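Structure data (mmCIF, C-alpha atoms) from protein_4.cif:
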```cif
data_query
loop_
_atom_site.label_atom_id
_atom_site.label_comp_id
_atom_site.auth_asym_id
_atom_site.auth_seq_id
_atom_site.Cartn_x
_atom_site.Cartn_y
_atom_site.Cartn_z
CA MET I 1 6.86 -25.52 13.64
CA VAL I 2 5.25 -26.90 10.51
CA ASP I 3 7.42 -26.71 7.42
CA LEU I 4 5.16 -24.49 5.37
CA ALA I 5 7.13 -25.02 2.19
CA LEU I 6 6.10 -28.67 2.22
CA SER I 7 2.45 -27.92 2.96
CA ILE I 8 2.11 -25.99 -0.30
CA PRO I 9 0.99 -27.87 -3.39
CA VAL I 10 3.96 -28.38 -5.72
CA LYS I 11 2.41 -26.33 -8.49
CA PHE I 12 2.38 -23.24 -6.28
CA ARG I 13 5.77 -23.56 -4.64
CA ASP I 14 7.74 -21.21 -6.81
CA GLN I 15 5.29 -18.35 -6.52
CA LYS I 16 6.32 -15.39 -4.48
CA ASN I 17 3.44 -13.95 -2.62
CA PRO I 18 3.78 -10.78 -0.65
CA MET I 19 0.63 -9.74 1.09
CA TYR I 20 -1.33 -7.09 -0.73
CA ALA I 21 0.47 -7.94 -3.95
CA GLN I 22 0.00 -11.56 -4.84
CA LEU I 23 1.84 -13.76 -7.30
CA VAL I 24 4.25 -11.06 -8.41
CA GLU I 25 6.56 -12.38 -11.11
CA THR I 26 9.96 -10.73 -11.46
CA GLY I 27 10.60 -12.09 -14.95
CA THR I 28 14.04 -13.33 -13.97
CA SER I 29 15.34 -16.90 -14.03
CA ALA I 30 18.30 -16.37 -11.70
CA VAL I 31 19.69 -13.57 -9.56
CA LYS I 32 22.76 -12.20 -11.33
CA SER I 33 26.02 -11.61 -9.49
CA LEU I 34 27.55 -8.13 -9.70
CA GLU I 35 30.30 -9.53 -11.94
CA ALA I 36 27.77 -10.88 -14.42
CA MET I 37 26.06 -7.48 -14.82
CA ASP I 38 26.88 -4.88 -17.44
CA PRO I 39 28.31 -1.62 -16.00
CA GLN I 40 24.93 0.18 -16.02
CA GLU I 41 23.15 -2.58 -14.14
CA ARG I 42 26.06 -3.01 -11.75
CA ALA I 43 25.96 0.71 -10.90
CA PHE I 44 22.20 0.37 -10.31
CA GLN I 45 22.63 -2.66 -8.01
CA GLU I 46 25.47 -0.99 -6.13
CA ARG I 47 23.25 2.01 -5.43
CA ILE I 48 20.61 -0.30 -4.02
CA ASN I 49 23.20 -2.15 -1.95
CA ALA I 50 24.37 1.21 -0.58
CA GLY I 51 20.81 2.05 0.47
CA ILE I 52 20.38 4.86 -2.07
CA LYS I 53 16.81 5.20 -3.34
CA ILE I 54 15.99 4.70 -7.01
CA GLU I 55 13.87 7.54 -8.41
CA PRO I 56 11.56 7.41 -11.44
CA LYS I 57 13.92 9.17 -13.86
CA ASP I 58 16.92 7.01 -12.90
CA TRP I 59 17.98 4.17 -15.17
CA MET I 60 16.60 0.82 -13.99
CA PRO I 61 16.48 -2.71 -15.42
CA GLU I 62 13.24 -3.36 -17.29
CA ALA I 63 12.49 -6.34 -15.02
CA TYR I 64 12.80 -4.10 -11.91
CA ARG I 65 10.38 -1.60 -13.44
CA LYS I 66 7.88 -4.27 -14.44
CA THR I 67 8.05 -6.02 -11.08
CA LEU I 68 7.36 -2.73 -9.29
CA VAL I 69 4.46 -1.87 -11.60
CA ARG I 70 2.93 -5.28 -10.85
CA GLN I 71 3.51 -5.10 -7.12
CA ILE I 72 2.52 -1.46 -6.53
CA SER I 73 -0.57 -1.68 -8.74
CA GLN I 74 -1.73 -4.89 -7.05
CA HIS I 75 -1.17 -3.20 -3.71
CA ALA I 76 -3.25 -0.23 -4.93
CA HIS I 77 -6.02 -2.52 -6.18
CA SER I 78 -6.09 -4.23 -2.77
CA GLU I 79 -6.63 -0.92 -0.99
CA TYR I 80 -9.27 0.04 -3.51
CA VAL I 81 -11.21 -3.25 -3.38
CA GLY I 82 -10.63 -3.32 0.38
CA MET I 83 -13.18 -0.53 0.77
CA LEU I 84 -16.00 -2.90 -0.22
CA PRO I 85 -16.13 -5.40 2.67
CA GLU I 86 -16.13 -2.53 5.16
CA GLY I 87 -18.38 -0.26 3.12
CA ASN I 88 -20.94 -3.03 3.61
CA TRP I 89 -21.37 -1.93 7.25
CA ILE I 90 -21.34 1.88 7.00
CA SER I 91 -25.12 2.10 6.84
CA ARG I 92 -25.51 -0.43 9.67
CA ALA I 93 -22.84 0.73 12.12
CA PRO I 94 -24.23 0.46 15.67
CA SER I 95 -23.81 4.15 16.55
CA LEU I 96 -23.16 7.49 14.94
CA LYS I 97 -19.66 7.50 16.43
CA ARG I 98 -18.83 4.09 14.94
CA LYS I 99 -20.30 5.17 11.63
CA ALA I 100 -18.17 8.32 11.49
CA ILE I 101 -15.05 6.30 12.36
CA LEU I 102 -15.80 3.66 9.74
CA LEU I 103 -16.43 6.32 7.10
CA ALA I 104 -13.07 7.88 7.93
CA LYS I 105 -11.38 4.50 7.71
CA VAL I 106 -12.90 3.62 4.35
CA GLN I 107 -11.95 7.08 3.07
CA ASP I 108 -8.38 6.38 4.18
CA GLU I 109 -8.38 3.18 2.09
CA ALA I 110 -9.34 5.22 -0.98
CA GLY I 111 -6.45 7.55 -0.13
CA HIS I 112 -4.04 4.62 0.20
CA ALA I 113 -5.09 3.36 -3.22
CA LEU I 114 -4.47 6.82 -4.63
CA TYR I 115 -0.99 7.19 -3.10
CA LEU I 116 -0.08 3.79 -4.55
CA TYR I 117 -1.58 4.34 -8.00
CA SER I 118 0.39 7.59 -8.14
CA ALA I 119 3.60 5.75 -7.22
CA ALA I 120 2.94 3.16 -9.95
CA GLU I 121 2.30 5.91 -12.49
CA THR I 122 5.80 7.31 -11.98
CA LEU I 123 6.99 4.11 -13.69
CA GLY I 124 5.29 5.02 -16.96
CA VAL I 125 1.87 3.36 -16.77
CA THR I 126 -1.41 5.26 -16.88
CA ARG I 127 -4.07 5.27 -14.19
CA ASP I 128 -6.75 4.29 -16.66
CA GLN I 129 -4.74 1.27 -17.80
CA LEU I 130 -4.26 0.15 -14.20
CA TYR I 131 -8.01 0.46 -13.54
CA ALA I 132 -8.79 -1.34 -16.79
CA ASP I 133 -6.63 -4.28 -15.71
CA LEU I 134 -8.43 -4.46 -12.37
CA LEU I 135 -11.90 -4.15 -13.86
CA SER I 136 -11.29 -6.79 -16.52
CA GLY I 137 -10.03 -9.24 -13.88
CA LYS I 138 -6.54 -9.29 -15.38
CA ALA I 139 -4.86 -7.73 -12.34
CA LYS I 140 -4.88 -9.38 -8.93
CA TYR I 141 -5.58 -7.95 -5.50
CA SER I 142 -5.27 -9.42 -2.03
CA SER I 143 -7.26 -12.61 -1.47
CA ILE I 144 -8.39 -11.37 1.95
CA PHE I 145 -10.96 -8.99 0.48
CA ASN I 146 -12.84 -11.83 -1.17
CA TYR I 147 -14.26 -13.00 2.15
CA PRO I 148 -17.64 -11.61 3.27
CA THR I 149 -18.28 -9.33 6.28
CA LEU I 150 -21.17 -11.16 7.93
CA SER I 151 -21.44 -9.27 11.21
CA TRP I 152 -20.45 -5.96 12.79
CA ALA I 153 -17.68 -7.81 14.62
CA ASP I 154 -16.05 -8.46 11.24
CA ILE I 155 -15.32 -4.74 11.01
CA GLY I 156 -13.43 -5.08 14.29
CA ALA I 157 -11.63 -8.24 13.13
CA ILE I 158 -10.58 -6.67 9.83
CA GLY I 159 -9.08 -3.63 11.53
CA TRP I 160 -7.38 -5.69 14.22
CA LEU I 161 -6.18 -8.66 12.13
CA VAL I 162 -6.11 -7.63 8.48
CA ASP I 163 -4.77 -4.13 9.06
CA GLY I 164 -2.53 -5.58 11.77
CA SER I 165 -1.07 -7.96 9.18
CA ALA I 166 -0.78 -5.12 6.71
CA ILE I 167 1.25 -3.02 9.15
CA VAL I 168 3.70 -5.89 9.75
CA ASN I 169 4.09 -6.25 5.99
CA GLN I 170 4.19 -2.57 5.09
CA ILE I 171 6.61 -1.14 7.64
CA PRO I 172 9.60 -2.77 5.86
CA ILE I 173 8.33 -1.42 2.52
CA CYS I 174 8.85 2.10 3.93
CA ARG I 175 12.55 1.31 3.38
CA CYS I 176 12.22 -0.28 -0.05
CA SER I 177 14.58 0.78 -2.82
CA PHE I 178 12.07 2.65 -4.99
CA GLY I 179 11.56 6.18 -3.65
CA PRO I 180 7.92 6.83 -4.60
CA TYR I 181 6.78 3.44 -3.23
CA ALA I 182 8.71 3.94 0.02
CA ARG I 183 7.25 7.44 0.50
CA ALA I 184 3.71 6.26 -0.22
CA MET I 185 4.16 3.54 2.41
CA VAL I 186 5.25 6.03 5.06
CA ARG I 187 1.92 7.83 4.69
CA VAL I 188 -0.02 4.57 4.57
CA CYS I 189 1.60 3.17 7.72
CA LYS I 190 0.78 6.27 9.76
CA GLU I 191 -2.88 5.82 8.90
CA GLU I 192 -2.98 2.02 9.26
CA SER I 193 -2.17 2.42 12.92
CA PHE I 194 -5.51 4.19 13.41
CA HIS I 195 -7.21 1.35 11.52
CA GLN I 196 -5.75 -1.36 13.69
CA ARG I 197 -6.60 0.43 16.94
CA GLN I 198 -10.18 1.16 15.94
CA GLY I 199 -10.57 -2.53 15.05
CA PHE I 200 -9.19 -3.63 18.40
CA ASP I 201 -11.47 -1.13 20.11
CA ILE I 202 -14.52 -2.69 18.44
CA MET I 203 -13.36 -6.18 19.48
CA LEU I 204 -12.72 -5.03 23.04
CA THR I 205 -16.16 -3.46 23.32
CA LEU I 206 -17.82 -6.63 22.05
CA ALA I 207 -15.65 -8.92 24.19
CA ARG I 208 -16.66 -6.95 27.30
CA GLY I 209 -20.31 -6.78 26.24
CA THR I 210 -23.17 -9.25 26.54
CA PRO I 211 -22.56 -12.99 26.05
CA GLU I 212 -24.10 -12.64 22.56
CA GLN I 213 -21.69 -9.82 21.69
CA LYS I 214 -18.74 -11.82 22.93
CA ARG I 215 -19.88 -14.81 20.85
CA MET I 216 -20.12 -12.52 17.84
CA ALA I 217 -16.51 -11.39 18.40
CA GLN I 218 -15.34 -15.00 18.80
CA ASP I 219 -17.17 -16.09 15.63
CA SER I 220 -15.51 -13.27 13.74
CA LEU I 221 -12.05 -14.19 15.03
CA ASN I 222 -12.74 -17.81 14.01
CA ARG I 223 -13.46 -16.78 10.44
CA TRP I 224 -10.73 -14.13 9.97
CA TRP I 225 -7.78 -15.71 11.77
CA TRP I 226 -6.71 -18.19 9.10
CA PRO I 227 -7.23 -15.89 6.10
CA SER I 228 -5.16 -13.26 8.00
CA LEU I 229 -2.29 -15.75 8.31
CA ALA I 230 -2.64 -16.90 4.71
CA MET I 231 -2.57 -13.34 3.37
CA HIS I 232 1.16 -13.17 4.18
CA GLY I 233 1.60 -15.69 1.35
CA PRO I 234 3.15 -19.14 1.24
CA ALA I 235 6.72 -19.80 2.33
CA ASP I 236 9.20 -18.33 -0.11
CA GLY I 237 11.17 -21.57 -0.29
CA HIS I 238 13.74 -21.32 -3.04
CA SER I 239 11.69 -18.96 -5.19
CA VAL I 240 13.79 -17.01 -7.69
CA ASN I 241 11.19 -14.25 -7.59
CA SER I 242 11.65 -13.80 -3.87
CA ALA I 243 15.45 -13.89 -4.12
CA GLN I 244 15.36 -11.30 -6.91
CA SER I 245 12.95 -9.01 -5.02
CA MET I 246 15.21 -9.27 -1.96
CA ALA I 247 18.29 -8.38 -4.05
CA TRP I 248 16.42 -5.35 -5.37
CA LYS I 249 15.25 -4.46 -1.83
CA ILE I 250 11.63 -4.47 -2.91
CA LYS I 251 11.11 -7.21 -0.37
CA GLN I 252 13.14 -7.43 2.83
CA HIS I 253 11.69 -10.23 4.94
CA SER I 254 10.36 -13.64 4.01
CA ASN I 255 6.62 -14.29 4.14
CA ASP I 256 7.18 -16.74 7.01
CA GLU I 257 9.11 -14.18 9.07
CA LEU I 258 6.34 -11.60 8.68
CA ARG I 259 3.60 -14.14 9.46
CA GLN I 260 5.46 -15.25 12.59
CA LYS I 261 5.88 -11.65 13.72
CA PHE I 262 2.17 -11.05 13.26
CA ILE I 263 1.26 -14.18 15.24
CA ASP I 264 3.69 -13.37 18.03
CA GLN I 265 2.29 -9.88 18.50
CA THR I 266 -1.38 -10.82 18.08
CA VAL I 267 -1.74 -13.86 20.38
CA PRO I 268 -1.30 -11.82 23.60
CA GLN I 269 -3.86 -9.31 22.29
CA ALA I 270 -6.39 -12.14 21.79
CA GLU I 271 -5.66 -13.31 25.33
CA PHE I 272 -6.32 -9.79 26.62
CA LEU I 273 -9.65 -9.81 24.80
CA GLY I 274 -10.48 -13.18 26.38
CA LEU I 275 -11.02 -14.69 22.92
CA THR I 276 -9.69 -18.03 21.72
CA ILE I 277 -7.60 -18.28 18.58
CA PRO I 278 -9.03 -21.13 16.49
CA ASP I 279 -5.86 -23.23 16.35
CA ASP I 280 -5.41 -26.15 18.76
CA LYS I 281 -1.74 -26.42 17.75
CA LEU I 282 -1.01 -22.83 18.79
CA LYS I 283 1.53 -22.97 21.60
CA TRP I 284 4.33 -20.81 22.97
CA ASN I 285 7.72 -22.33 22.19
CA ALA I 286 10.25 -21.13 24.75
CA ALA I 287 13.13 -22.64 22.75
CA THR I 288 12.44 -20.60 19.61
CA GLY I 289 10.92 -17.61 21.41
CA HIS I 290 7.93 -17.80 19.05
CA TYR I 291 4.50 -19.34 18.89
CA ASP I 292 4.14 -22.66 17.07
CA PHE I 293 1.00 -22.88 15.01
CA GLY I 294 -1.05 -25.28 12.89
CA GLU I 295 -1.19 -25.81 9.16
CA ILE I 296 -2.66 -23.22 6.82
CA ASP I 297 -5.14 -24.39 4.20
CA TRP I 298 -3.23 -23.31 1.08
CA GLU I 299 -5.67 -25.00 -1.27
CA ASP I 300 -8.34 -22.60 0.01
CA PHE I 301 -5.97 -19.65 -0.34
CA PHE I 302 -5.15 -20.45 -3.96
CA ARG I 303 -8.80 -21.11 -4.74
CA VAL I 304 -9.55 -17.56 -3.61
CA VAL I 305 -6.52 -16.12 -5.45
CA LYS I 306 -7.70 -17.83 -8.63
CA GLY I 307 -11.08 -16.11 -8.36
CA LEU I 308 -13.18 -18.80 -6.70
CA GLY I 309 -13.50 -17.19 -3.25
CA PRO I 310 -16.87 -16.36 -1.70
CA CYS I 311 -16.93 -12.75 -2.99
CA ASN I 312 -14.56 -12.46 -5.98
CA ARG I 313 -17.34 -11.93 -8.51
CA GLU I 314 -19.27 -9.57 -6.26
CA ARG I 315 -16.21 -7.39 -5.64
CA LEU I 316 -15.31 -7.00 -9.31
CA ALA I 317 -18.95 -6.45 -10.24
CA ALA I 318 -19.18 -3.66 -7.64
CA ARG I 319 -16.04 -1.93 -8.96
CA ASN I 320 -17.24 -2.20 -12.56
CA LYS I 321 -20.65 -0.82 -11.63
CA ALA I 322 -19.08 2.16 -9.85
CA TRP I 323 -16.80 2.85 -12.82
CA ASP I 324 -19.54 2.55 -15.43
CA GLU I 325 -22.13 4.52 -13.49
CA GLY I 326 -19.60 7.28 -12.77
CA ALA I 327 -18.76 7.72 -16.46
CA TRP I 328 -21.26 10.54 -17.03
CA PHE I 329 -19.86 12.45 -14.07
CA ARG I 330 -16.23 12.11 -15.18
CA GLU I 331 -17.25 13.27 -18.66
CA ALA I 332 -19.19 16.22 -17.22
CA LEU I 333 -16.14 17.35 -15.22
CA SER I 334 -13.96 17.12 -18.34
CA ALA I 335 -16.52 19.09 -20.35
CA HIS I 336 -16.68 21.73 -17.62
CA ALA I 337 -12.89 21.97 -17.54
CA ASP I 338 -12.74 22.37 -21.35
CA LYS I 339 -15.35 25.11 -21.24
CA TYR I 340 -13.54 27.21 -18.66
CA ARG I 341 -9.92 26.51 -19.58
CA PRO I 342 -9.48 29.61 -21.82
CA GLU I 343 -10.58 31.89 -18.97
CA GLN I 344 -8.14 30.24 -16.57
CA LYS I 345 -5.30 30.83 -19.04
CA ALA I 346 -6.29 34.48 -19.46
CA ALA I 347 -6.40 35.05 -15.72
CA MET O 1 -15.56 -1.39 -18.99
CA SER O 2 -16.57 -0.10 -22.41
CA ASP O 3 -15.16 2.87 -24.31
CA ASN O 4 -14.25 4.48 -21.01
CA ALA O 5 -10.86 2.83 -21.33
CA VAL O 6 -9.96 5.13 -24.17
CA ARG O 7 -11.36 8.30 -22.65
CA ARG O 8 -9.00 11.22 -22.34
CA GLU O 9 -7.31 10.78 -18.99
CA TRP O 10 -7.52 13.71 -16.62
CA PRO O 11 -4.21 15.53 -16.29
CA LEU O 12 -1.88 14.75 -13.41
CA TRP O 13 -1.39 17.44 -10.77
CA GLU O 14 1.41 17.66 -8.22
CA ILE O 15 0.18 18.77 -4.82
CA PHE O 16 2.06 21.00 -2.38
CA ILE O 17 0.83 21.64 1.15
CA ARG O 18 1.89 24.32 3.60
CA SER O 19 1.56 22.68 6.98
CA GLN O 20 1.69 25.82 9.13
CA HIS O 21 1.89 29.53 8.61
CA GLY O 22 5.50 30.50 8.22
CA LEU O 23 6.64 27.23 6.62
CA ALA O 24 7.07 26.62 2.89
CA HIS O 25 4.74 24.52 0.75
CA LYS O 26 6.05 20.98 0.53
CA HIS O 27 5.38 18.35 -2.14
CA VAL O 28 3.07 15.65 -0.75
CA GLY O 29 2.00 13.65 -3.80
CA SER O 30 -0.05 13.79 -6.95
CA LEU O 31 -3.55 13.15 -8.24
CA HIS O 32 -5.64 13.34 -11.40
CA ALA O 33 -8.25 16.05 -11.82
CA ALA O 34 -10.12 17.66 -14.71
CA ASP O 35 -9.13 21.20 -13.72
CA GLY O 36 -7.41 23.28 -11.06
CA ALA O 37 -10.49 23.75 -8.91
CA SER O 38 -11.18 20.02 -8.71
CA ALA O 39 -7.47 19.34 -8.13
CA ILE O 40 -7.65 21.57 -5.02
CA SER O 41 -10.84 19.87 -3.93
CA HIS O 42 -9.39 16.36 -4.34
CA ALA O 43 -6.14 17.42 -2.65
CA ARG O 44 -8.12 18.63 0.33
CA ASP O 45 -9.84 15.22 0.57
CA VAL O 46 -6.71 13.15 0.05
CA TYR O 47 -3.89 15.08 1.69
CA THR O 48 -5.41 17.15 4.51
CA ARG O 49 -7.69 14.70 6.32
CA ARG O 50 -5.75 15.10 9.58
CA ASN O 51 -5.06 18.82 9.77
CA GLU O 52 -1.95 18.52 7.62
CA GLY O 53 -2.32 21.87 6.00
CA VAL O 54 -3.40 25.49 5.88
CA SER O 55 -2.76 26.03 2.17
CA ILE O 56 -2.70 23.95 -1.02
CA TRP O 57 -0.90 24.47 -4.33
CA ALA O 58 -1.82 22.31 -7.32
CA VAL O 59 0.55 22.38 -10.30
CA ARG O 60 0.09 20.48 -13.54
CA ALA O 61 2.78 17.79 -13.59
CA ALA O 62 3.33 18.51 -17.29
CA ASP O 63 4.35 22.09 -16.42
CA ILE O 64 7.16 21.03 -14.08
CA VAL O 65 10.67 21.21 -15.50
CA ALA O 66 12.98 18.81 -13.69
CA SER O 67 16.73 18.26 -13.78
CA SER O 68 17.79 14.95 -15.23
CA PRO O 69 19.69 12.28 -13.25
CA GLY O 70 22.27 12.26 -16.08
CA ASP O 71 23.13 15.89 -15.33
CA LYS O 72 23.75 15.21 -11.65
CA GLU O 73 27.56 15.47 -11.82
CA ALA O 74 27.57 18.55 -14.02
CA LEU O 75 25.03 20.34 -11.85
CA PHE O 76 25.99 19.37 -8.36
CA ASP O 77 29.58 18.15 -8.24
CA PRO O 78 31.13 21.65 -8.55
CA ALA O 79 29.68 22.57 -5.15
CA GLN O 80 31.55 19.73 -3.47
CA SER O 81 34.96 21.42 -3.84
CA LYS O 82 33.71 24.74 -2.49
CA VAL O 83 33.75 24.02 1.18
CA TYR O 84 34.68 27.65 1.85
CA ARG O 85 31.02 28.51 1.20
CA HIS O 86 30.26 27.12 4.65
CA PRO O 87 31.00 29.18 7.76
CA THR O 88 32.55 26.15 9.45
CA PHE O 89 35.41 26.31 6.90
CA PHE O 90 36.91 29.19 8.86
CA PRO O 91 38.45 28.46 12.23
CA THR O 92 37.50 30.92 14.91
CA PRO O 93 40.34 31.81 17.26
CA ASP O 94 39.65 31.27 20.94
CA GLY O 95 38.38 34.36 22.63
CA VAL O 96 36.75 35.90 19.54
CA LYS O 97 33.04 36.38 20.06
CA ASN O 98 30.03 37.19 17.87
CA LEU O 99 31.55 35.64 14.71
#
```

Any chance you could give the structure as structure tokens?
Amino acid sequence: MVDLALSIPVKFRDQKNPMYAQLVETGTSAVKSLEAMDPQERAFQERINAGIKIEPKDWMPEAYRKTLVRQISQHAHSEYVGMLPEGNWISRAPSLKRKAILLAKVQDEAGHALYLYSAAETLGVTRDQLYADLLSGKAKYSSIFNYPTLSWADIGAIGWLVDGSAIVNQIPICRCSFGPYARAMVRVCKEESFHQRQGFDIMLTLARGTPEQKRMAQDSLNRWWWPSLAMHGPADGHSVNSAQSMAWKIKQHSNDELRQKFIDQTVPQAEFLGLTIPDDKLKWNAATGHYDFGEIDWEDFFRVVKGLGPCNRERLAARNKAWDEGAWFREALSAHADKYRPEQKAA
Amino acid sequence: MSDNAVRREWPLWEIFIRSQHGLAHKHVGSLHAADGASAISHARDVYTRRNEGVSIWAVRAADIVASSPGDKEALFDPAQSKVYRHPTFFPTPDGVKNL
């Protein structure tokens, strides 16, 4: 297998990069030993080590709180922006059934964003501040949503590959140390399973359709395969951020482990579909019990993370437009609530 | 984003759903809404998309009084030494029924 740590440009090597939350800094320079901690922090770390959840009102190190705010809010932004590539095909879904399913899926993504924003808010940040950071471009979201959805097959590929990757990444977060984040993930994972299956169902229908439909499915797989591998993030290497997140049980598996798991479970599915994964180095390795695979283009990944992907500007512009054009409606609801509040109190 | 950033944020509501008749309402999450009616409406959209509920309660988060983690020992430790509050504390002699 390629040593991914060496394929990453030096300037990026110390950046931790989990999935829907990218480039999360922990603000620590070294992971402290229990002996080096003051009694309060030691008690906190011992609770985590014992598998006891941390709840919002519990004492926590400031760096733990900040890391979680960054990670959970970026995860929320990813769900929120993730509605856009798929929303692109609601009006053009090939049948009423597919349209209803896609609407339900996109509505789920809005729900996922809401569960996650709510979890972040328990750490003392406001929803409006989180939105403001997204809309101004200050906050990051997953690079995967900055690629365009060019055909209907892309809706299948996103469900199958992107949501498939998300499930691999998110199942361990159901056991993360922070209670509200873990609980939000349990809900999210239940719904992601529907997303992945509906995506596979679209791919299967196309793969068994006309030669043109099968070509469309193959073209989509060709475009989404590598971004789906890259979205797991570069190898953790010796990143302090990763080590710290692992010690805090915010992160439990390395990016490479999760990527490998995704590849191992997805290759047989592609074979079932009769589609070819666009990697001539992809090969079953009986010695390791895993698939070997080719090199990921990390320069492209970081270009997209830095805002230079095909759709970065379009995505942020769409979110800003929705926020600005919805202002009158939010204000009207507030005005209505103010007008009727006295009656509610009297009742 | 213009002056919207400094708008008054809608209050936070905690949402409780009763999944079936006969069960208690259970906390499922929270959301922002301008008033109670819209909190119920949003809760219906967010938390009952898959037949999760037959009834919704929305409570302003600001109105909830919660115990503090610092009071945990004072509040809950006394119960630990009172094992006799559980029926299993008392051995039942063989042959005694309906106890």

Determine the residue membership of the PyMOL selection byres ((chain O) within 6 of (chain I)) for the file above and supply it as a ChimeraX atom specification. /O:34-35,46,69

Would you pick out the contacts of Gln40 (chain I) at 9 Å or less, using all atoms listed in the file, so that residues sharing its chain but fewer than 2 positions from it are not included, and give the list as JSON, numbers by chain? {"I": [37, 38, 42, 43, 44, 45, 59, 60, 61]}

Which polymer residues have any atom within 8 Å of an atom of Trp57 (chain O), counting only C-alpha atoms, with same-chain residues fewer than 4 positions away left out, as a count of residues only? 5

Any chance you could work out the residue set of the PyMOL selection byres ((chain I and resi 93) around 12) here, as a PyMOL selection string? chain I and resi 86-92+94-103+151-156+202

Write the selection just made, keeping C-alpha atoms, as an mmCIF file, in the frame of the given file?
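Result saved to selection.cif:
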```
data_model
loop_
_atom_site.group_PDB
_atom_site.id
_atom_site.type_symbol
_atom_site.label_atom_id
_atom_site.label_comp_id
_atom_site.auth_asym_id
_atom_site.auth_seq_id
_atom_site.Cartn_x
_atom_site.Cartn_y
_atom_site.Cartn_z
ATOM 1 C CA GLU I 86 -16.130 -2.530 5.160
ATOM 2 C CA GLY I 87 -18.380 -0.260 3.120
ATOM 3 C CA ASN I 88 -20.940 -3.030 3.610
ATOM 4 C CA TRP I 89 -21.370 -1.930 7.250
ATOM 5 C CA ILE I 90 -21.340 1.880 7.000
ATOM 6 C CA SER I 91 -25.120 2.100 6.840
ATOM 7 C CA ARG I 92 -25.510 -0.430 9.670
ATOM 8 C CA PRO I 94 -24.230 0.460 15.670
ATOM 9 C CA SER I 95 -23.810 4.150 16.550
ATOM 10 C CA LEU I 96 -23.160 7.490 14.940
ATOM 11 C CA LYS I 97 -19.660 7.500 16.430
ATOM 12 C CA ARG I 98 -18.830 4.090 14.940
ATOM 13 C CA LYS I 99 -20.300 5.170 11.630
ATOM 14 C CA ALA I 100 -18.170 8.320 11.490
ATOM 15 C CA ILE I 101 -15.050 6.300 12.360
ATOM 16 C CA LEU I 102 -15.800 3.660 9.740
ATOM 17 C CA LEU I 103 -16.430 6.320 7.100
ATOM 18 C CA SER I 151 -21.440 -9.270 11.210
ATOM 19 C CA TRP I 152 -20.450 -5.960 12.790
ATOM 20 C CA ALA I 153 -17.680 -7.810 14.620
ATOM 21 C CA ASP I 154 -16.050 -8.460 11.240
ATOM 22 C CA ILE I 155 -15.320 -4.740 11.010
ATOM 23 C CA GLY I 156 -13.430 -5.080 14.290
ATOM 24 C CA ILE I 202 -14.520 -2.690 18.440
#
```

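Using only C-alpha atoms, the shortest contact distance between Asn169 (chain I) and any of I:Leu204, I:Leu258, I:Leu130, I:Val188 is found at I:Leu258.
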
How many Å separate CA of Tyr80 (chain I) from CA of Lys251 (chain I)?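 Interatomic distance, CA of Tyr80 (chain I) to CA of Lys251 (chain I): 21.9 Å.
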
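For the atom pair formed by CA of Ser239 (chain I) and CA of Ala36 (chain I), the distance is 20.2 Å, given to one decimal.
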
So what do you get for CA of Tyr147 (chain I) versus CA of Arg223 (chain I), distance-wise?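 Between CA of Tyr147 (chain I) and CA of Arg223 (chain I) the gap is 9.1 Å.
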
Skip Asp297 (chain I) itself and residues of its chain fewer than 3 positions away, then list as a ChimeraX atom specification all residues within 8 Å of it, counting only C-alpha atoms. /I:230,300-301

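Residues in contact with Met231 (chain I) at up to 7 Å, not including ones fewer than 2 positions away on its chain and judged by all atoms listed in the file, are Met19, Ser143, Ile144, Pro227, Ser228, Leu229 and Gly233 of chain I.
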
Please tell me which residues are no farther than 10 Å from (1.1, 15.3, -7.9) in the file, counting all atoms listed in the file, and write them as an MDAnalysis selection string. (chainID I and resid 115 118:119) or (chainID O and resid 11:16 27:32 39 43 58:61)
